Amino acid sequence: MKKINILFVFLLIICVTSLTGCKKKQEEKKYDKETTVYSIDSANGFSRVSFELANDLGYNPVISANNARFRHMGNYSLIDMTIIYNYPSSSQITKKEEDFYSDYYKDYKTVKIGNYEGWSIIKETETVTDYEIVLKLTSPDKNNRVYALDIRVAQSPLQKNKDDFNTRDFINSDDFNHLLNSIQIAEIYE
């Protein structure tokens, strides 16, 4: 009887170990596309934010002070990223659902990406669907200001075929989620 109990415990340990190993393999799903790392500096020159974007998405980057703009000439979509440096009570950084007055706004959420918290919303009209997410990147400094990153994904009214770019599909894609999860404060100069 003891041998059967010992055998049972041994088999149970093997099963649990095997299941744990399978779960770890599923969690380790890697983003395997070739990417380019981009960096943008804040307008005041005191911070740098870096992030990755997949090369095969076909976006053309234009990097300037506190802004990175990626245009897609094929489907007329746009990814726009801007560093904000402002008071933490700034309405731009701390917007809540009730701050969006138009019926066009939908799906307001508070979000957390890695260590960064913020909010996101979708604006839908008959011609375009835009997505905005604002992530607070730092705690308030000695002047009670924070760095935040405003990211907009937009489809242009110039699109000939509305199916060329679906904003909702893109923001739920692995490509966009990889971009969000790759965001890092590269440097802060005080």
# chains A, B, ... in the order shown; residues from 1 in each chain; ligands from 1
>>> residues_around(residues="range 142-157 of chain A", least_positions_apart="4", cutoff="9 Å", atoms="only C-alpha atoms", output="mmCIF file with N, CA and C atoms, in the first residue's frame")
data_model
loop_
_atom_site.group_PDB
_atom_site.id
_atom_site.type_symbol
_atom_site.label_atom_id
_atom_site.label_comp_id
_atom_site.auth_asym_id
_atom_site.auth_seq_id
_atom_site.Cartn_x
_atom_site.Cartn_y
_atom_site.Cartn_z
ATOM 1 N N SER A 42 12.131 65.066 -25.148
ATOM 2 C CA SER A 42 11.116 66.038 -24.751
ATOM 3 C C SER A 42 11.514 67.426 -25.243
ATOM 4 N N SER A 47 14.432 64.700 -21.199
ATOM 5 C CA SER A 47 14.111 63.273 -21.184
ATOM 6 C C SER A 47 14.175 62.695 -22.583
ATOM 7 N N VAL A 49 12.641 59.128 -24.616
ATOM 8 C CA VAL A 49 11.800 57.939 -24.574
ATOM 9 C C VAL A 49 12.122 57.096 -25.796
ATOM 10 N N ASN A 75 -2.116 52.807 -46.742
ATOM 11 C CA ASN A 75 -3.466 52.770 -46.158
ATOM 12 C C ASN A 75 -3.835 54.069 -45.440
ATOM 13 N N TYR A 76 -2.987 55.089 -45.554
ATOM 14 C CA TYR A 76 -3.248 56.421 -45.001
ATOM 15 C C TYR A 76 -3.459 56.427 -43.495
ATOM 16 N N SER A 77 -2.837 55.498 -42.808
ATOM 17 C CA SER A 77 -2.936 55.512 -41.346
ATOM 18 C C SER A 77 -1.751 56.269 -40.759
ATOM 19 N N LEU A 78 -1.868 56.612 -39.495
ATOM 20 C CA LEU A 78 -0.864 57.427 -38.819
ATOM 21 C C LEU A 78 -0.710 56.960 -37.382
ATOM 22 N N ILE A 79 0.541 56.841 -36.926
ATOM 23 C CA ILE A 79 0.834 56.640 -35.505
ATOM 24 C C ILE A 79 1.594 57.886 -35.076
ATOM 25 N N ASP A 80 1.083 58.597 -34.094
ATOM 26 C CA ASP A 80 1.682 59.850 -33.653
ATOM 27 C C ASP A 80 2.008 59.736 -32.163
ATOM 28 N N MET A 81 3.272 59.979 -31.791
ATOM 29 C CA MET A 81 3.701 59.845 -30.396
ATOM 30 C C MET A 81 4.346 61.156 -29.949
ATOM 31 N N THR A 82 3.837 61.733 -28.860
ATOM 32 C CA THR A 82 4.329 63.021 -28.384
ATOM 33 C C THR A 82 4.639 62.942 -26.891
ATOM 34 N N ILE A 83 5.821 63.414 -26.500
ATOM 35 C CA ILE A 83 6.158 63.502 -25.066
ATOM 36 C C ILE A 83 5.525 64.764 -24.504
ATOM 37 N N ILE A 84 4.812 64.592 -23.412
ATOM 38 C CA ILE A 84 4.202 65.715 -22.693
ATOM 39 C C ILE A 84 4.982 65.909 -21.401
ATOM 40 N N TYR A 85 5.243 67.156 -21.039
ATOM 41 C CA TYR A 85 5.885 67.448 -19.756
ATOM 42 C C TYR A 85 5.027 68.489 -19.085
ATOM 43 N N ASN A 86 4.271 68.087 -18.063
ATOM 44 C CA ASN A 86 3.290 69.007 -17.508
ATOM 45 C C ASN A 86 2.965 68.647 -16.071
ATOM 46 N N TYR A 87 2.100 69.481 -15.455
ATOM 47 C CA TYR A 87 1.656 69.185 -14.092
ATOM 48 C C TYR A 87 0.843 67.897 -14.093
ATOM 49 N N PRO A 88 0.972 67.080 -13.047
ATOM 50 C CA PRO A 88 0.196 65.839 -13.021
ATOM 51 C C PRO A 88 -1.300 66.075 -13.018
ATOM 52 N N SER A 89 -1.731 67.279 -12.611
ATOM 53 C CA SER A 89 -3.163 67.580 -12.613
ATOM 54 C C SER A 89 -3.634 68.100 -13.969
ATOM 55 N N GLN A 92 -4.870 67.073 -19.754
ATOM 56 C CA GLN A 92 -4.414 66.212 -20.843
ATOM 57 C C GLN A 92 -3.902 64.876 -20.309
ATOM 58 N N ILE A 93 -3.245 64.907 -19.155
ATOM 59 C CA ILE A 93 -2.658 63.696 -18.589
ATOM 60 C C ILE A 93 -3.662 62.910 -17.750
ATOM 61 N N GLY A 118 -2.203 55.033 -17.257
ATOM 62 C CA GLY A 118 -2.790 56.119 -18.016
ATOM 63 C C GLY A 118 -4.226 55.817 -18.382
ATOM 64 N N THR A 127 -16.497 58.903 -40.850
ATOM 65 C CA THR A 127 -15.374 58.802 -41.788
ATOM 66 C C THR A 127 -14.096 58.246 -41.179
ATOM 67 N N VAL A 128 -13.877 58.421 -39.883
ATOM 68 C CA VAL A 128 -12.606 57.976 -39.288
ATOM 69 C C VAL A 128 -12.820 57.347 -37.916
ATOM 70 N N THR A 129 -11.851 56.521 -37.531
ATOM 71 C CA THR A 129 -11.782 55.979 -36.179
ATOM 72 C C THR A 129 -10.381 56.265 -35.657
ATOM 73 N N ASP A 130 -10.295 57.016 -34.563
ATOM 74 C CA ASP A 130 -9.013 57.363 -33.957
ATOM 75 C C ASP A 130 -8.925 56.758 -32.564
ATOM 76 N N TYR A 131 -7.712 56.401 -32.174
ATOM 77 C CA TYR A 131 -7.452 55.843 -30.848
ATOM 78 C C TYR A 131 -6.405 56.722 -30.176
ATOM 79 N N GLU A 132 -6.598 57.003 -28.896
ATOM 80 C CA GLU A 132 -5.605 57.768 -28.141
ATOM 81 C C GLU A 132 -5.335 57.073 -26.815
ATOM 82 N N ILE A 133 -4.056 56.999 -26.464
ATOM 83 C CA ILE A 133 -3.646 56.473 -25.168
ATOM 84 C C ILE A 133 -2.600 57.428 -24.600
ATOM 85 N N VAL A 134 -2.745 57.783 -23.337
ATOM 86 C CA VAL A 134 -1.776 58.636 -22.648
ATOM 87 C C VAL A 134 -1.228 57.856 -21.463
ATOM 88 N N LEU A 135 0.094 57.685 -21.435
ATOM 89 C CA LEU A 135 0.758 56.958 -20.349
ATOM 90 C C LEU A 135 1.635 57.903 -19.559
ATOM 91 N N LYS A 136 1.442 57.943 -18.240
ATOM 92 C CA LYS A 136 2.296 58.745 -17.367
ATOM 93 C C LYS A 136 3.586 57.969 -17.141
ATOM 94 N N LEU A 137 4.724 58.554 -17.531
ATOM 95 C CA LEU A 137 5.997 57.838 -17.527
ATOM 96 C C LEU A 137 6.801 58.017 -16.250
ATOM 97 N N THR A 138 6.593 59.123 -15.521
ATOM 98 C CA THR A 138 7.386 59.397 -14.315
ATOM 99 C C THR A 138 6.493 59.840 -13.177
ATOM 100 N N LYS A 162 -12.351 51.922 -46.790
ATOM 101 C CA LYS A 162 -12.313 51.933 -45.322
ATOM 102 C C LYS A 162 -11.703 50.656 -44.739
ATOM 103 N N PHE A 165 -7.474 49.972 -43.554
ATOM 104 C CA PHE A 165 -6.894 50.053 -42.207
ATOM 105 C C PHE A 165 -8.025 50.070 -41.199
ATOM 106 N N ASN A 166 -8.026 49.108 -40.288
ATOM 107 C CA ASN A 166 -9.030 49.038 -39.238
ATOM 108 C C ASN A 166 -8.344 49.387 -37.925
ATOM 109 N N THR A 167 -8.679 50.549 -37.376
ATOM 110 C CA THR A 167 -8.019 51.045 -36.172
ATOM 111 C C THR A 167 -8.158 50.075 -35.009
ATOM 112 N N PHE A 170 -5.914 47.117 -35.430
ATOM 113 C CA PHE A 170 -4.502 47.449 -35.254
ATOM 114 C C PHE A 170 -4.144 47.627 -33.777
ATOM 115 N N ILE A 171 -4.970 48.334 -33.009
ATOM 116 C CA ILE A 171 -4.612 48.570 -31.601
ATOM 117 C C ILE A 171 -4.695 47.292 -30.772
#
>>> residues_around(residues="Lys109 in chain A", least_positions_apart="5", cutoff="10 Å", atoms="only C-alpha atoms", output="PyMOL selection string")
chain A and resi 96-97+118-122+133
>>> closest_residue(among="A:Asp99, A:Ala68, A:His178, A:Val62", to="Glu34 in chain A", atoms="only C-alpha atoms")
A:His178
>>> select_by_dssp(residues="range 10-149 of chain A", states="helix (DSSP H, G or I)", output="list in words")
Phe10, Leu11, Leu12, Ile13, Ile14, Cys15, Val16, Thr17, Ser18, Leu19, Thr20, Gly21, Cys22, Lys23, Lys24, Lys25, Gln26, Glu27, Asn55, Asp56, Leu57, Glu97, Glu98 and Asp99 of chain A
>>> decode(residues="range 113-145 of chain A", atoms="N, CA and C atoms", output="PDB file, in the first residue's frame")
ATOM      1  N   ILE A 113       0.479  49.729 -18.717  1.00  0.00           N
ATOM      2  CA  ILE A 113       1.395  49.051 -19.635  1.00  0.00           C
ATOM      3  C   ILE A 113       2.740  48.971 -18.926  1.00  0.00           C
ATOM      4  N   GLY A 114       3.141  47.790 -18.518  1.00  0.00           N
ATOM      5  CA  GLY A 114       4.375  47.673 -17.734  1.00  0.00           C
ATOM      6  C   GLY A 114       4.236  48.474 -16.440  1.00  0.00           C
ATOM      7  N   ASN A 115       5.130  49.443 -16.239  1.00  0.00           N
ATOM      8  CA  ASN A 115       5.069  50.296 -15.044  1.00  0.00           C
ATOM      9  C   ASN A 115       4.303  51.588 -15.275  1.00  0.00           C
ATOM     10  N   TYR A 116       3.780  51.784 -16.467  1.00  0.00           N
ATOM     11  CA  TYR A 116       3.176  53.068 -16.826  1.00  0.00           C
ATOM     12  C   TYR A 116       1.660  52.979 -16.803  1.00  0.00           C
ATOM     13  N   GLU A 117       1.033  53.944 -16.110  1.00  0.00           N
ATOM     14  CA  GLU A 117      -0.421  53.980 -16.016  1.00  0.00           C
ATOM     15  C   GLU A 117      -0.954  55.146 -16.829  1.00  0.00           C
ATOM     16  N   GLY A 118      -2.203  55.033 -17.257  1.00  0.00           N
ATOM     17  CA  GLY A 118      -2.790  56.119 -18.016  1.00  0.00           C
ATOM     18  C   GLY A 118      -4.226  55.817 -18.382  1.00  0.00           C
ATOM     19  N   TRP A 119      -4.660  56.346 -19.512  1.00  0.00           N
ATOM     20  CA  TRP A 119      -6.022  56.144 -19.992  1.00  0.00           C
ATOM     21  C   TRP A 119      -5.999  55.989 -21.509  1.00  0.00           C
ATOM     22  N   SER A 120      -7.078  55.424 -22.049  1.00  0.00           N
ATOM     23  CA  SER A 120      -7.213  55.323 -23.492  1.00  0.00           C
ATOM     24  C   SER A 120      -8.673  55.521 -23.883  1.00  0.00           C
ATOM     25  N   ILE A 121      -8.866  55.915 -25.150  1.00  0.00           N
ATOM     26  CA  ILE A 121     -10.233  56.127 -25.647  1.00  0.00           C
ATOM     27  C   ILE A 121     -10.245  55.979 -27.166  1.00  0.00           C
ATOM     28  N   ILE A 122     -11.412  55.686 -27.710  1.00  0.00           N
ATOM     29  CA  ILE A 122     -11.597  55.601 -29.160  1.00  0.00           C
ATOM     30  C   ILE A 122     -12.605  56.665 -29.576  1.00  0.00           C
ATOM     31  N   LYS A 123     -12.283  57.386 -30.677  1.00  0.00           N
ATOM     32  CA  LYS A 123     -13.220  58.348 -31.250  1.00  0.00           C
ATOM     33  C   LYS A 123     -13.640  57.818 -32.609  1.00  0.00           C
ATOM     34  N   GLU A 124     -14.954  57.610 -32.766  1.00  0.00           N
ATOM     35  CA  GLU A 124     -15.479  57.078 -34.027  1.00  0.00           C
ATOM     36  C   GLU A 124     -16.455  58.070 -34.642  1.00  0.00           C
ATOM     37  N   THR A 125     -16.182  58.433 -35.890  1.00  0.00           N
ATOM     38  CA  THR A 125     -17.129  59.224 -36.669  1.00  0.00           C
ATOM     39  C   THR A 125     -17.485  58.402 -37.907  1.00  0.00           C
ATOM     40  N   GLU A 126     -18.292  58.972 -38.795  1.00  0.00           N
ATOM     41  CA  GLU A 126     -18.675  58.237 -40.002  1.00  0.00           C
ATOM     42  C   GLU A 126     -17.473  58.006 -40.911  1.00  0.00           C
ATOM     43  N   THR A 127     -16.497  58.903 -40.850  1.00  0.00           N
ATOM     44  CA  THR A 127     -15.374  58.802 -41.788  1.00  0.00           C
ATOM     45  C   THR A 127     -14.096  58.246 -41.179  1.00  0.00           C
ATOM     46  N   VAL A 128     -13.877  58.421 -39.883  1.00  0.00           N
ATOM     47  CA  VAL A 128     -12.606  57.976 -39.288  1.00  0.00           C
ATOM     48  C   VAL A 128     -12.820  57.347 -37.916  1.00  0.00           C
ATOM     49  N   THR A 129     -11.851  56.521 -37.531  1.00  0.00           N
ATOM     50  CA  THR A 129     -11.782  55.979 -36.179  1.00  0.00           C
ATOM     51  C   THR A 129     -10.381  56.265 -35.657  1.00  0.00           C
ATOM     52  N   ASP A 130     -10.295  57.016 -34.563  1.00  0.00           N
ATOM     53  CA  ASP A 130      -9.013  57.363 -33.957  1.00  0.00           C
ATOM     54  C   ASP A 130      -8.925  56.758 -32.564  1.00  0.00           C
ATOM     55  N   TYR A 131      -7.712  56.401 -32.174  1.00  0.00           N
ATOM     56  CA  TYR A 131      -7.452  55.843 -30.848  1.00  0.00           C
ATOM     57  C   TYR A 131      -6.405  56.722 -30.176  1.00  0.00           C
ATOM     58  N   GLU A 132      -6.598  57.003 -28.896  1.00  0.00           N
ATOM     59  CA  GLU A 132      -5.605  57.768 -28.141  1.00  0.00           C
ATOM     60  C   GLU A 132      -5.335  57.073 -26.815  1.00  0.00           C
ATOM     61  N   ILE A 133      -4.056  56.999 -26.464  1.00  0.00           N
ATOM     62  CA  ILE A 133      -3.646  56.473 -25.168  1.00  0.00           C
ATOM     63  C   ILE A 133      -2.600  57.428 -24.600  1.00  0.00           C
ATOM     64  N   VAL A 134      -2.745  57.783 -23.337  1.00  0.00           N
ATOM     65  CA  VAL A 134      -1.776  58.636 -22.648  1.00  0.00           C
ATOM     66  C   VAL A 134      -1.228  57.856 -21.463  1.00  0.00           C
ATOM     67  N   LEU A 135       0.094  57.685 -21.435  1.00  0.00           N
ATOM     68  CA  LEU A 135       0.758  56.958 -20.349  1.00  0.00           C
ATOM     69  C   LEU A 135       1.635  57.903 -19.559  1.00  0.00           C
ATOM     70  N   LYS A 136       1.442  57.943 -18.240  1.00  0.00           N
ATOM     71  CA  LYS A 136       2.296  58.745 -17.367  1.00  0.00           C
ATOM     72  C   LYS A 136       3.586  57.969 -17.141  1.00  0.00           C
ATOM     73  N   LEU A 137       4.724  58.554 -17.531  1.00  0.00           N
ATOM     74  CA  LEU A 137       5.997  57.838 -17.527  1.00  0.00           C
ATOM     75  C   LEU A 137       6.801  58.017 -16.250  1.00  0.00           C
ATOM     76  N   THR A 138       6.593  59.123 -15.521  1.00  0.00           N
ATOM     77  CA  THR A 138       7.386  59.397 -14.315  1.00  0.00           C
ATOM     78  C   THR A 138       6.493  59.840 -13.177  1.00  0.00           C
ATOM     79  N   SER A 139       7.048  59.787 -11.986  1.00  0.00           N
ATOM     80  CA  SER A 139       6.390  60.392 -10.828  1.00  0.00           C
ATOM     81  C   SER A 139       6.637  61.896 -10.885  1.00  0.00           C
ATOM     82  N   PRO A 140       5.850  62.691 -10.159  1.00  0.00           N
ATOM     83  CA  PRO A 140       6.084  64.141 -10.165  1.00  0.00           C
ATOM     84  C   PRO A 140       7.498  64.490  -9.685  1.00  0.00           C
ATOM     85  N   ASP A 141       8.152  65.431 -10.372  1.00  0.00           N
ATOM     86  CA  ASP A 141       9.482  65.885  -9.965  1.00  0.00           C
ATOM     87  C   ASP A 141       9.358  67.007  -8.929  1.00  0.00           C
ATOM     88  N   LYS A 142      10.461  67.680  -8.628  1.00  0.00           N
ATOM     89  CA  LYS A 142      10.441  68.713  -7.579  1.00  0.00           C
ATOM     90  C   LYS A 142       9.547  69.899  -7.955  1.00  0.00           C
ATOM     91  N   ASN A 143       9.261  70.073  -9.249  1.00  0.00           N
ATOM     92  CA  ASN A 143       8.352  71.137  -9.693  1.00  0.00           C
ATOM     93  C   ASN A 143       6.930  70.618  -9.917  1.00  0.00           C
ATOM     94  N   ASN A 144       6.662  69.405  -9.416  1.00  0.00           N
ATOM     95  CA  ASN A 144       5.341  68.777  -9.527  1.00  0.00           C
ATOM     96  C   ASN A 144       4.923  68.553 -10.974  1.00  0.00           C
ATOM     97  N   ARG A 145       5.899  68.240 -11.827  1.00  0.00           N
ATOM     98  CA  ARG A 145       5.620  67.951 -13.225  1.00  0.00           C
ATOM     99  C   ARG A 145       5.934  66.484 -13.515  1.00  0.00           C
TER     100      ARG A 145
END
